[in-house]
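Q: Before I ask anything, let me first share the structure, which is written out below as structure tokens.
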Amino acid sequence: MAQMKFMCDAERCIECNGCVTACKNANEVEWGVQRRRVVTLNDGESDEVSISVACMHCDDAPCMAVCPTDCFYKTDDGIVLHDKDLCIGCGYCLYACPFGAPQFPKQNAFGERGKMDKCTFCAGGPADSKEEEYEKYGANRIAEGKLPLCAEMCSTKALLAGDAQTIADIFRQRVVQRGHEDGAWSGNARADADNLAYDAAQEG
Amino acid sequence: MTVSTPWRLVVRRLSLIAVLLMAGLLLSQLTVAQSDPDKEAGFAVPAVDADIWRQVRSGDTGPNYRDSRADSNYNLVNASGETWRQWRNQWVSPYGLIVLGGMLAMIAIFYVIFGRKALDEPRTGRKLLRWTVLDRSLHWSVATLFLVLAVTGLNLLYGKFVFKPLFGDALWASMISGSKLLHNYLGPIFSILLIIVLAKFLKHNLPKKHDWEWFKKGGGLIGKGHVDAGFANGGEKVWYWLLASVGLLVIASGFVLDFPNYGQARDTMQWANLLHAVAALGLTAVAFGHIYIGTLGTEGSIEGMSTGYVDETWAKEHHNLWYEEVKDSARDETELASENVQRHPPDNPATDRPG
Ligand code: SF4
Ligand code: SF4
């Protein structure tokens, strides 16, 4: 069985937030909830790096282990989903999650959390009808044989989604190709003069 | 070899990025990613070096950290999440059960071996007022809330292992959401009442010299001897001061968890959660003891908290110093009973019927 994973290639991410927008649009998530976020470290410095993060669908998921209602489950594809009918908004999954993925709509009195919402890998969630599923969890693109929209829309293909083995292969391939003398554009006449791998931030 | 230093640096950087970015992917694949180091060394990596990675892990975001999510105060990685999970799941949950179960077992064994502590002398039939109506209402309100909070709290910690498989999702959903609502809304009411009770009973619970003797003699719980005690004995004072310390800790940490809208950080709530669970489980275990001693364990104690009055004999044997203070106010039980009847005449069904 496939093990679905996200991977963000920080060498490519240009912090355009296209993934964030795509997710918001595909899933029509509640106001105030943003399932995917882009984190930039050392913004404006020479070692600036950006990474797109959402739920990573952990193998040994901490959220699953601490939820007092036991509302999480893992699909055969390794996607971590949860049942909003069971969720009580206690926030424990947020305390445990390494990536700050769970979010809570603020809709109740006294700051009480609403039902938890997080990235579903565009795989929907438990519901009686398609409409209810969309309403509660957003798109189920996996059921249609499609990958999550964030990764599909990523303009630089920094964000990859899919079977762990496949995306690892793609990443490996990139690492091998990256920094090739002609920037992997074989046949580029200006390769020597205009080295695409040249980085002004590094000396030499 | 002069290239060795930058080369190693690049590989190290790469592996660090890879650990982050390929979260969940197998490490063996990462080593493959580094399999052609000469090529890797050829390009510059404007990326996460060891220092930045350490900074991410430490939770310190720095001035040039950006997060595209509105209001997000989260670092890239929640460094303490896994620690919290381990503490809660590997320590608090199992040891909580052991402490509660151990306490129940100890009480049961104690009861089997020593039995109920009966009054040594026959009752005199003369009664002393021990708890006023207000005292009793406060006690029973706090006691009821304590029990509801304990039961719902235990359900939040252990319920999923028992009731979810037993009852199925539909019933479990209402059970657990009911538990959360009761716990979160009754908690603040309990807090206010407990503080009132603590203030009201403070004067009885100030430590005295004879309390020390009381402890040395084990409270006279076993055997025949009687130990000096005022209105509250040493054991009651310990319970009082536990509530006044650990109880207040439970309350304070409870408020941190109950109102997440004041911007308290995720880390603060992790700590609050652990403190809350440990302190509350401990108090629940001690409460088992309190309940046992107040009901099954000692003859005549429950009368005080239910009717307000205790028998002279009980007072003499358990609270001799207090008895000396108030013995002149003792009243005959028949006299009290007739007074009660006058104040609350029994319903007469014949005249109650309408029309
Ligand atoms: S919500 Fe967090 S802990 Fe749970 S699977 Fe997603 S990333 Fe992992
Ligand atoms: S907020 Fe919901 S999903 Fe998260 S741990 Fe609590 S009950 Fe489970």
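Residue numbering restarts at 1 in every chain; chains get A, B, ... in the order shown in the structure tokens, and ligands count up from 1 in that same order.
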Just want the 6 Å neighbourhood of A:Ser50, counted on only C-alpha atoms, with same-chain residues fewer than 6 positions away dropped. Output as a PDB file with N, CA and C atoms, in the first residue's frame.
A:
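Result file result21.pdb:
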```pdb
ATOM      1  N   ALA A  10      13.014  22.864   0.058  1.00  0.00           N
ATOM      2  CA  ALA A  10      13.273  24.251   0.452  1.00  0.00           C
ATOM      3  C   ALA A  10      14.152  24.978  -0.557  1.00  0.00           C
ATOM      4  N   CYS A  13      11.204  26.353  -2.878  1.00  0.00           N
ATOM      5  CA  CYS A  13      10.066  27.136  -2.390  1.00  0.00           C
ATOM      6  C   CYS A  13      10.383  28.624  -2.464  1.00  0.00           C
ATOM      7  N   GLU A  15       8.098  30.959  -1.519  1.00  0.00           N
ATOM      8  CA  GLU A  15       7.233  31.668  -0.577  1.00  0.00           C
ATOM      9  C   GLU A  15       6.146  32.452  -1.307  1.00  0.00           C
ATOM     10  N   VAL A  39       6.416  28.923   6.153  1.00  0.00           N
ATOM     11  CA  VAL A  39       7.311  29.460   7.172  1.00  0.00           C
ATOM     12  C   VAL A  39       8.601  29.886   6.496  1.00  0.00           C
ATOM     13  N   THR A  40       9.044  31.086   6.800  1.00  0.00           N
ATOM     14  CA  THR A  40      10.310  31.555   6.256  1.00  0.00           C
ATOM     15  C   THR A  40      11.276  31.801   7.405  1.00  0.00           C
TER      16      THR A  40
END
```
Q: Run DSSP on the backbone and tell me which residues of stretch 125-190 of chain A come out as helix (DSSP H, G or I); list them as a count of residues only.
A: 30
Q: Using DSSP on the backbone coordinates, identify all residues within stretch 109-266 of chain B classified as strand (DSSP E or B); present the result as a PDB file with all heavy atoms, in the first residue's frame.
A:
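What follows is the written file result-v2.pdb:
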```
ATOM      1  N   LYS B 117     -14.456   1.879  62.721  1.00  0.00           N
ATOM      2  CA  LYS B 117     -14.102   2.363  64.045  1.00  0.00           C
ATOM      3  C   LYS B 117     -15.391   2.760  64.768  1.00  0.00           C
ATOM      4  O   LYS B 117     -15.986   3.803  64.497  1.00  0.00           O
ATOM      5  CB  LYS B 117     -13.159   3.559  63.952  1.00  0.00           C
ATOM      6  CG  LYS B 117     -12.649   3.970  65.318  1.00  0.00           C
ATOM      7  CD  LYS B 117     -11.348   4.729  65.216  1.00  0.00           C
ATOM      8  CE  LYS B 117     -10.900   5.230  66.590  1.00  0.00           C
ATOM      9  NZ  LYS B 117     -10.498   4.170  67.515  1.00  0.00           N
ATOM     10  N   ARG B 126     -27.475  12.982  73.620  1.00  0.00           N
ATOM     11  CA  ARG B 126     -27.409  14.446  73.606  1.00  0.00           C
ATOM     12  C   ARG B 126     -26.529  14.895  72.458  1.00  0.00           C
ATOM     13  O   ARG B 126     -25.484  14.330  72.201  1.00  0.00           O
ATOM     14  CB  ARG B 126     -26.887  14.955  74.955  1.00  0.00           C
ATOM     15  CG  ARG B 126     -27.907  14.749  76.077  1.00  0.00           C
ATOM     16  CD  ARG B 126     -27.312  15.036  77.432  1.00  0.00           C
ATOM     17  NE  ARG B 126     -26.838  16.429  77.549  1.00  0.00           N
ATOM     18  CZ  ARG B 126     -27.650  17.487  77.734  1.00  0.00           C
ATOM     19  NH1 ARG B 126     -28.949  17.304  77.796  1.00  0.00           N
ATOM     20  NH2 ARG B 126     -27.156  18.708  77.852  1.00  0.00           N
ATOM     21  N   LYS B 127     -26.996  15.936  71.764  1.00  0.00           N
ATOM     22  CA  LYS B 127     -26.356  16.293  70.491  1.00  0.00           C
ATOM     23  C   LYS B 127     -25.680  17.656  70.540  1.00  0.00           C
ATOM     24  O   LYS B 127     -26.170  18.571  71.210  1.00  0.00           O
ATOM     25  CB  LYS B 127     -27.410  16.340  69.366  1.00  0.00           C
ATOM     26  CG  LYS B 127     -28.164  15.049  69.188  1.00  0.00           C
ATOM     27  CD  LYS B 127     -27.349  14.092  68.374  1.00  0.00           C
ATOM     28  CE  LYS B 127     -28.086  12.776  68.184  1.00  0.00           C
ATOM     29  NZ  LYS B 127     -27.291  11.814  67.459  1.00  0.00           N
ATOM     30  N   LEU B 128     -24.608  17.752  69.769  1.00  0.00           N
ATOM     31  CA  LEU B 128     -23.895  19.019  69.646  1.00  0.00           C
ATOM     32  C   LEU B 128     -23.943  19.488  68.197  1.00  0.00           C
ATOM     33  O   LEU B 128     -23.790  18.682  67.268  1.00  0.00           O
ATOM     34  CB  LEU B 128     -22.435  18.818  70.048  1.00  0.00           C
ATOM     35  CG  LEU B 128     -22.192  18.528  71.525  1.00  0.00           C
ATOM     36  CD1 LEU B 128     -20.827  17.926  71.725  1.00  0.00           C
ATOM     37  CD2 LEU B 128     -22.362  19.808  72.335  1.00  0.00           C
ATOM     38  N   LEU B 129     -24.182  20.788  68.024  1.00  0.00           N
ATOM     39  CA  LEU B 129     -24.204  21.323  66.658  1.00  0.00           C
ATOM     40  C   LEU B 129     -22.768  21.413  66.138  1.00  0.00           C
ATOM     41  O   LEU B 129     -21.926  22.075  66.750  1.00  0.00           O
ATOM     42  CB  LEU B 129     -24.841  22.720  66.638  1.00  0.00           C
ATOM     43  CG  LEU B 129     -24.850  23.386  65.261  1.00  0.00           C
ATOM     44  CD1 LEU B 129     -25.715  22.589  64.287  1.00  0.00           C
ATOM     45  CD2 LEU B 129     -25.331  24.827  65.343  1.00  0.00           C
TER      46      LEU B 129
END
```
Q: Using only C-alpha atoms and all ligand atoms, determine which residues fall within 9 Å of ligand 1, then list them as an MDAnalysis selection string.
A: (chainID A and resid 53:65 72 74 79:81 93:94 96:102 118:120) or (chainID B and resid 81)
Q: Using only C-alpha atoms and all ligand atoms, what table do you get, as a tab-separated table, when you list each residue of chain A with an atom no more than 6 Å from ligand 2, its nearest pair of atoms, and their distance in Å rounded to one decimal, rows by chain then rising number?
A:
```
residue	atom	partner	partner_atom_place_in_ligand_line	distance
A:Cys67	CA	ligand 2	5 (S)	3.6
A:Pro68	CA	ligand 2	7 (S)	5.8
A:Thr69	CA	ligand 2	7 (S)	5.2
A:Cys71	CA	ligand 2	8 (Fe)	5.8
A:Cys87	CA	ligand 2	2 (Fe)	3.7
A:Ile88	CA	ligand 2	7 (S)	4.4
A:Gly89	CA	ligand 2	1 (S)	3.6
A:Cys90	CA	ligand 2	6 (Fe)	4.0
A:Gly91	CA	ligand 2	1 (S)	4.0
A:Tyr92	CA	ligand 2	5 (S)	4.3
A:Cys93	CA	ligand 2	5 (S)	4.1
A:Met116	CA	ligand 2	1 (S)	5.2
```
Q: Determine, counting only C-alpha atoms, which protein, DNA and RNA residues have an atom within 12 Å of an atom of B:Ala108; residues of the same chain fewer than 3 positions away are not included. Present the result as an mmCIF file with C-alpha atoms, in the first residue's frame.
A:
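Everything below was put into result23.cif:
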```cif
data_model
loop_
_atom_site.group_PDB
_atom_site.id
_atom_site.type_symbol
_atom_site.label_atom_id
_atom_site.label_comp_id
_atom_site.auth_asym_id
_atom_site.auth_seq_id
_atom_site.Cartn_x
_atom_site.Cartn_y
_atom_site.Cartn_z
ATOM 1 C CA GLY B 101 -6.350 1.648 42.361
ATOM 2 C CA GLY B 102 -3.732 1.406 45.092
ATOM 3 C CA MET B 103 -5.675 3.758 47.319
ATOM 4 C CA LEU B 104 -8.902 1.804 46.846
ATOM 5 C CA ALA B 105 -7.084 -1.443 47.551
ATOM 6 C CA TYR B 111 -11.515 -2.166 56.251
ATOM 7 C CA VAL B 112 -11.208 -5.926 56.098
ATOM 8 C CA ILE B 113 -8.501 -6.044 58.766
ATOM 9 C CA PHE B 114 -9.564 -3.330 61.211
ATOM 10 C CA GLY B 115 -13.190 -2.823 60.286
ATOM 11 C CA ARG B 116 -15.238 0.195 61.173
ATOM 12 C CA PHE B 288 -11.242 8.333 48.516
ATOM 13 C CA GLY B 289 -9.676 8.251 51.975
ATOM 14 C CA TYR B 292 -14.122 6.358 53.554
ATOM 15 C CA ILE B 293 -13.281 7.896 56.934
ATOM 16 C CA LEU B 296 -18.023 3.742 56.301
ATOM 17 C CA GLY B 297 -14.854 4.062 58.337
#
```
Q: Can you tell me which residues surround B:Asn273 at a distance of at most 8 Å, considering only C-alpha atoms, apart from same-chain residues fewer than 5 positions away, and format the answer as a list in words?
A: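 Non-adjacent residues within range: Ser253, Gly254 and Leu257 of chain B.
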Q: How many Å lie between atom CA of A:Ile14 and atom CA of A:Thr156, rounded to one decimal?
A: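 Going from atom CA of A:Ile14 over to atom CA of A:Thr156, I get 7.7 Å.
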Q: Counting only C-alpha atoms, what is within 12 Å of A:Ser155, bar same-chain residues fewer than 4 positions away, as a list in words?
A: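 Counting only C-alpha atoms, the residues come to Arg12, Cys13, Ile14, Glu15, Cys16, Asn17, Gly18, Cys19, Ala22, Leu149, Cys150, Ala151, Leu159 and Leu160 of chain A.
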Q: Within 9 Å of stretch 277-284 of chain B, counting only C-alpha atoms, which residues qualify if same-chain residues fewer than 5 places away don't, as JSON, numbers by chain?
A: {"B": [88, 92, 93, 96, 97, 99, 100, 146, 147, 150, 153, 154, 157, 242, 243, 246, 247, 249, 250, 272, 289]}
Q: Can you write out the residues you just picked, keeping N, CA and C atoms, as an mmCIF file, in the first residue's frame?
A:
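Output file part.cif follows:
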```
data_model
loop_
_atom_site.group_PDB
_atom_site.id
_atom_site.type_symbol
_atom_site.label_atom_id
_atom_site.label_comp_id
_atom_site.auth_asym_id
_atom_site.auth_seq_id
_atom_site.Cartn_x
_atom_site.Cartn_y
_atom_site.Cartn_z
ATOM 1 N N ARG B 88 2.439 12.468 29.316
ATOM 2 C CA ARG B 88 1.029 12.207 29.574
ATOM 3 C C ARG B 88 0.698 10.729 29.399
ATOM 4 N N VAL B 92 1.721 9.824 33.318
ATOM 5 C CA VAL B 92 0.533 10.270 34.061
ATOM 6 C C VAL B 92 -0.591 9.237 33.983
ATOM 7 N N SER B 93 -0.896 8.769 32.769
ATOM 8 C CA SER B 93 -2.032 7.837 32.636
ATOM 9 C C SER B 93 -1.826 6.562 33.440
ATOM 10 N N GLY B 96 -1.422 7.248 37.275
ATOM 11 C CA GLY B 96 -2.683 7.711 37.849
ATOM 12 C C GLY B 96 -3.557 6.533 38.228
ATOM 13 N N LEU B 97 -3.640 5.567 37.319
ATOM 14 C CA LEU B 97 -4.448 4.367 37.596
ATOM 15 C C LEU B 97 -3.897 3.621 38.803
ATOM 16 N N VAL B 99 -2.135 4.792 41.292
ATOM 17 C CA VAL B 99 -2.381 5.519 42.543
ATOM 18 C C VAL B 99 -3.841 5.371 42.982
ATOM 19 N N LEU B 100 -4.763 5.542 42.043
ATOM 20 C CA LEU B 100 -6.185 5.437 42.406
ATOM 21 C C LEU B 100 -6.521 4.013 42.840
ATOM 22 N N PHE B 146 -16.941 18.186 43.047
ATOM 23 C CA PHE B 146 -15.668 17.444 43.026
ATOM 24 C C PHE B 146 -15.870 16.090 42.357
ATOM 25 N N LEU B 147 -16.940 15.400 42.759
ATOM 26 C CA LEU B 147 -17.172 14.064 42.189
ATOM 27 C C LEU B 147 -17.453 14.149 40.692
ATOM 28 N N ALA B 150 -14.268 14.857 38.968
ATOM 29 C CA ALA B 150 -13.382 13.688 38.985
ATOM 30 C C ALA B 150 -13.832 12.668 37.946
ATOM 31 N N GLY B 153 -13.306 14.045 34.462
ATOM 32 C CA GLY B 153 -11.870 14.117 34.203
ATOM 33 C C GLY B 153 -11.295 12.740 33.925
ATOM 34 N N LEU B 154 -11.713 11.763 34.710
ATOM 35 C CA LEU B 154 -11.233 10.393 34.479
ATOM 36 C C LEU B 154 -11.697 9.897 33.120
ATOM 37 N N LEU B 157 -9.446 11.109 30.506
ATOM 38 C CA LEU B 157 -8.134 10.465 30.482
ATOM 39 C C LEU B 157 -8.216 8.992 30.064
ATOM 40 N N LEU B 242 -4.200 20.310 51.927
ATOM 41 C CA LEU B 242 -4.008 19.756 50.583
ATOM 42 C C LEU B 242 -4.907 20.478 49.598
ATOM 43 N N LEU B 243 -6.171 20.674 50.014
ATOM 44 C CA LEU B 243 -7.093 21.400 49.138
ATOM 45 C C LEU B 243 -6.645 22.839 48.956
ATOM 46 N N VAL B 246 -2.648 21.995 46.793
ATOM 47 C CA VAL B 246 -2.800 21.242 45.552
ATOM 48 C C VAL B 246 -4.124 21.598 44.866
ATOM 49 N N GLY B 247 -5.159 21.775 45.662
ATOM 50 C CA GLY B 247 -6.464 22.131 45.106
ATOM 51 C C GLY B 247 -6.400 23.440 44.335
ATOM 52 N N LEU B 249 -3.771 24.670 42.998
ATOM 53 C CA LEU B 249 -2.962 24.412 41.810
ATOM 54 C C LEU B 249 -3.829 23.822 40.691
ATOM 55 N N VAL B 250 -4.691 22.899 41.065
ATOM 56 C CA VAL B 250 -5.614 22.318 40.084
ATOM 57 C C VAL B 250 -6.490 23.413 39.481
ATOM 58 N N ALA B 272 0.425 23.179 32.047
ATOM 59 C CA ALA B 272 -0.797 23.268 32.838
ATOM 60 C C ALA B 272 -1.520 21.937 32.827
ATOM 61 N N GLY B 289 -9.923 8.429 50.551
ATOM 62 C CA GLY B 289 -9.676 8.251 51.975
ATOM 63 C C GLY B 289 -10.637 9.090 52.802
#
```
Q: Extract, using only C-alpha atoms, all DNA, RNA and protein residues at most 10 Å from stretch 197-211 of chain B, discarding same-chain residues fewer than 6 positions from it, and format them as a count of residues only.
A: 25
Q: Taking only C-alpha atoms into account, which of B:Trp172, B:Phe167, B:Trp91, B:Tyr309 comes nearest B:Trp131?
A: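 Closest to B:Trp131, using only C-alpha atoms: B:Tyr309.
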Q: What does the distance between atom CA of A:Gly111 and atom CA of B:Arg85 come to in Å, to one decimal place?
A: 23.8 Å
